[in-house]
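*Asks:* Starting off with a structure, shown below.
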Amino acid sequence: MKSTSSTFVSHLFTGEVAGQVVNYRILRMQDSVFIYIGKKDEEVLDGLAVGLLSPYQNREAVTTSIFESMESFDIAQKLAVKLNKPVFVSCNMNVDRLIAPVLESHLIQEIKERPEFF
């Protein structure tokens with residue numbers, strides 16, 4: 001039996017949002033990315049959404065929630081367009097209109113600085 005090497009690459013980084021430390025766990029797969037976002041000491045998997053580029057619309061993402069989570073939905077939709085690949089997002093925090101842009105900016109900055117993980 002011949003073994004093969006994994007194409008999965010994992011990455012962890014943290015950021016501060018509204019005085020809380022947030023973990024961002026990235027799992028890059030062959031043709032997609034899974035992103036987990038949650039408070040450092042309260043890691044749970046409550047919400048999950050997937051964003052996919054539509055083959056019928058120019059640079060538009062089609063997104064669905066697998067577990068109810070509008071926070072995950074919005075981030076998955078934006079990152080699918082940015083990364084040009086399917087993006088699974090699990091955002092496990094209460095996110096309001098002030099926190100959401102901070103979470104997204106952390107991710108965008110990390111994508112720019114470490115594209116090999118996305």
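Residues are referred to by chain and number: the chain letter is A, B, ... according to the order shown in the structure tokens, the number counts from 1 in that chain, and ligands are numbered separately from 1 in the order shown.
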Give me, as a list in words, all polymer residues having an atom no more than 8 Å from Glu71 in chain A, counting only C-alpha atoms and skipping those fewer than 5 positions away in the same chain.
*Replies:*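 Counting only the stated atoms, we get Cys91, Val95 and Ala100 of chain A.
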*Asks:* Using only C-alpha atoms, which protein or nucleic acid residues come within 10 Å of range 14-18 of chain A? Drop anything in the same chain fewer than 4 positions from it, and give the result as a PDB file with N, CA, C and O atoms, in the first residue's frame.
*Replies:*
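Generated output (around_35.pdb):
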```
ATOM      1  N   VAL A  22      -9.368  36.464  20.480  1.00  0.00           N
ATOM      2  CA  VAL A  22     -10.100  35.624  19.534  1.00  0.00           C
ATOM      3  C   VAL A  22      -9.112  34.729  18.798  1.00  0.00           C
ATOM      4  O   VAL A  22      -8.076  35.193  18.317  1.00  0.00           O
ATOM      5  N   ASN A  23      -9.437  33.434  18.725  1.00  0.00           N
ATOM      6  CA  ASN A  23      -8.648  32.483  17.940  1.00  0.00           C
ATOM      7  C   ASN A  23      -9.232  32.386  16.536  1.00  0.00           C
ATOM      8  O   ASN A  23     -10.448  32.295  16.364  1.00  0.00           O
ATOM      9  N   TYR A  24      -8.341  32.385  15.573  1.00  0.00           N
ATOM     10  CA  TYR A  24      -8.691  32.139  14.171  1.00  0.00           C
ATOM     11  C   TYR A  24      -7.939  30.875  13.776  1.00  0.00           C
ATOM     12  O   TYR A  24      -6.716  30.878  13.706  1.00  0.00           O
ATOM     13  N   ARG A  25      -8.657  29.809  13.538  1.00  0.00           N
ATOM     14  CA  ARG A  25      -8.040  28.540  13.119  1.00  0.00           C
ATOM     15  C   ARG A  25      -8.339  28.342  11.637  1.00  0.00           C
ATOM     16  O   ARG A  25      -9.492  28.346  11.226  1.00  0.00           O
ATOM     17  N   ILE A  37     -13.620  30.803  13.950  1.00  0.00           N
ATOM     18  CA  ILE A  37     -13.425  32.030  14.715  1.00  0.00           C
ATOM     19  C   ILE A  37     -14.147  31.862  16.041  1.00  0.00           C
ATOM     20  O   ILE A  37     -15.346  31.546  16.070  1.00  0.00           O
ATOM     21  N   GLY A  38     -13.421  32.040  17.152  1.00  0.00           N
ATOM     22  CA  GLY A  38     -14.061  31.916  18.457  1.00  0.00           C
ATOM     23  C   GLY A  38     -13.210  32.485  19.565  1.00  0.00           C
ATOM     24  O   GLY A  38     -12.004  32.671  19.408  1.00  0.00           O
ATOM     25  N   LYS A  39     -13.852  32.775  20.696  1.00  0.00           N
ATOM     26  CA  LYS A  39     -13.129  33.281  21.859  1.00  0.00           C
ATOM     27  C   LYS A  39     -12.092  32.255  22.296  1.00  0.00           C
ATOM     28  O   LYS A  39     -12.340  31.047  22.244  1.00  0.00           O
ATOM     29  N   LYS A  40     -10.956  32.741  22.751  1.00  0.00           N
ATOM     30  CA  LYS A  40      -9.826  31.876  23.073  1.00  0.00           C
ATOM     31  C   LYS A  40     -10.180  30.761  24.055  1.00  0.00           C
ATOM     32  O   LYS A  40      -9.804  29.622  23.856  1.00  0.00           O
ATOM     33  N   LEU A  98     -20.243  46.538  14.968  1.00  0.00           N
ATOM     34  CA  LEU A  98     -18.929  47.089  15.306  1.00  0.00           C
ATOM     35  C   LEU A  98     -17.847  46.010  15.340  1.00  0.00           C
ATOM     36  O   LEU A  98     -16.698  46.269  15.001  1.00  0.00           O
ATOM     37  N   ILE A  99     -18.207  44.810  15.753  1.00  0.00           N
ATOM     38  CA  ILE A  99     -17.233  43.715  15.878  1.00  0.00           C
ATOM     39  C   ILE A  99     -16.965  43.036  14.532  1.00  0.00           C
ATOM     40  O   ILE A  99     -15.828  42.666  14.230  1.00  0.00           O
ATOM     41  N   ALA A 100     -17.980  42.892  13.700  1.00  0.00           N
ATOM     42  CA  ALA A 100     -17.824  42.189  12.421  1.00  0.00           C
ATOM     43  C   ALA A 100     -16.695  42.763  11.557  1.00  0.00           C
ATOM     44  O   ALA A 100     -15.860  42.001  11.050  1.00  0.00           O
ATOM     45  N   VAL A 102     -14.021  44.261  12.470  1.00  0.00           N
ATOM     46  CA  VAL A 102     -12.727  43.970  13.097  1.00  0.00           C
ATOM     47  C   VAL A 102     -12.324  42.525  12.816  1.00  0.00           C
ATOM     48  O   VAL A 102     -11.168  42.249  12.453  1.00  0.00           O
ATOM     49  N   LEU A 103     -13.274  41.588  12.957  1.00  0.00           N
ATOM     50  CA  LEU A 103     -12.987  40.180  12.645  1.00  0.00           C
ATOM     51  C   LEU A 103     -12.548  40.042  11.188  1.00  0.00           C
ATOM     52  O   LEU A 103     -11.563  39.365  10.885  1.00  0.00           O
ATOM     53  N   HIS A 106      -9.011  41.415  10.561  1.00  0.00           N
ATOM     54  CA  HIS A 106      -7.971  40.486  11.021  1.00  0.00           C
ATOM     55  C   HIS A 106      -7.719  39.427   9.950  1.00  0.00           C
ATOM     56  O   HIS A 106      -6.564  39.099   9.644  1.00  0.00           O
ATOM     57  N   LEU A 107      -8.800  38.877   9.406  1.00  0.00           N
ATOM     58  CA  LEU A 107      -8.661  37.833   8.383  1.00  0.00           C
ATOM     59  C   LEU A 107      -8.017  38.381   7.109  1.00  0.00           C
ATOM     60  O   LEU A 107      -7.117  37.746   6.553  1.00  0.00           O
TER      61      LEU A 107
END
```
*Asks:* Using only C-alpha atoms, find the one residue out of A:Gln77, A:Gln20, A:Thr7, A:Asn94 that sits nearest to Val62 in chain A.
*Replies:* A:Gln77
*Asks:* Tell me which protein, DNA and RNA residues are within 10 Å of Thr63 in chain A, counting only C-alpha atoms, leaving out same-chain ones fewer than 4 positions away, and put them as a ChimeraX atom specification.
*Replies:* /A:49-54,72-78,80,86-88
*Asks:* Residues of chain A in helix (DSSP H, G or I) according to DSSP, as a ChimeraX atom specification?
*Replies:* /A:70-83,99-113,115-117
*Asks:* Find the spatial neighbours of Ser6 in chain A, counting only C-alpha atoms, within a cut-off of 10 Å - ignore same-chain residues fewer than 3 positions away - and output them as a list in words.
*Replies:*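 What passes the distance filter is Ser3, Val9, Met29 and Gln30 of chain A.
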*Asks:* Write out as a PyMOL selection string all residues of range 1-116 of chain A that backbone DSSP assigns to strand (DSSP E).
*Replies:* chain A and resi 9-17+20-28+33-39+48-53+61-67+87-92
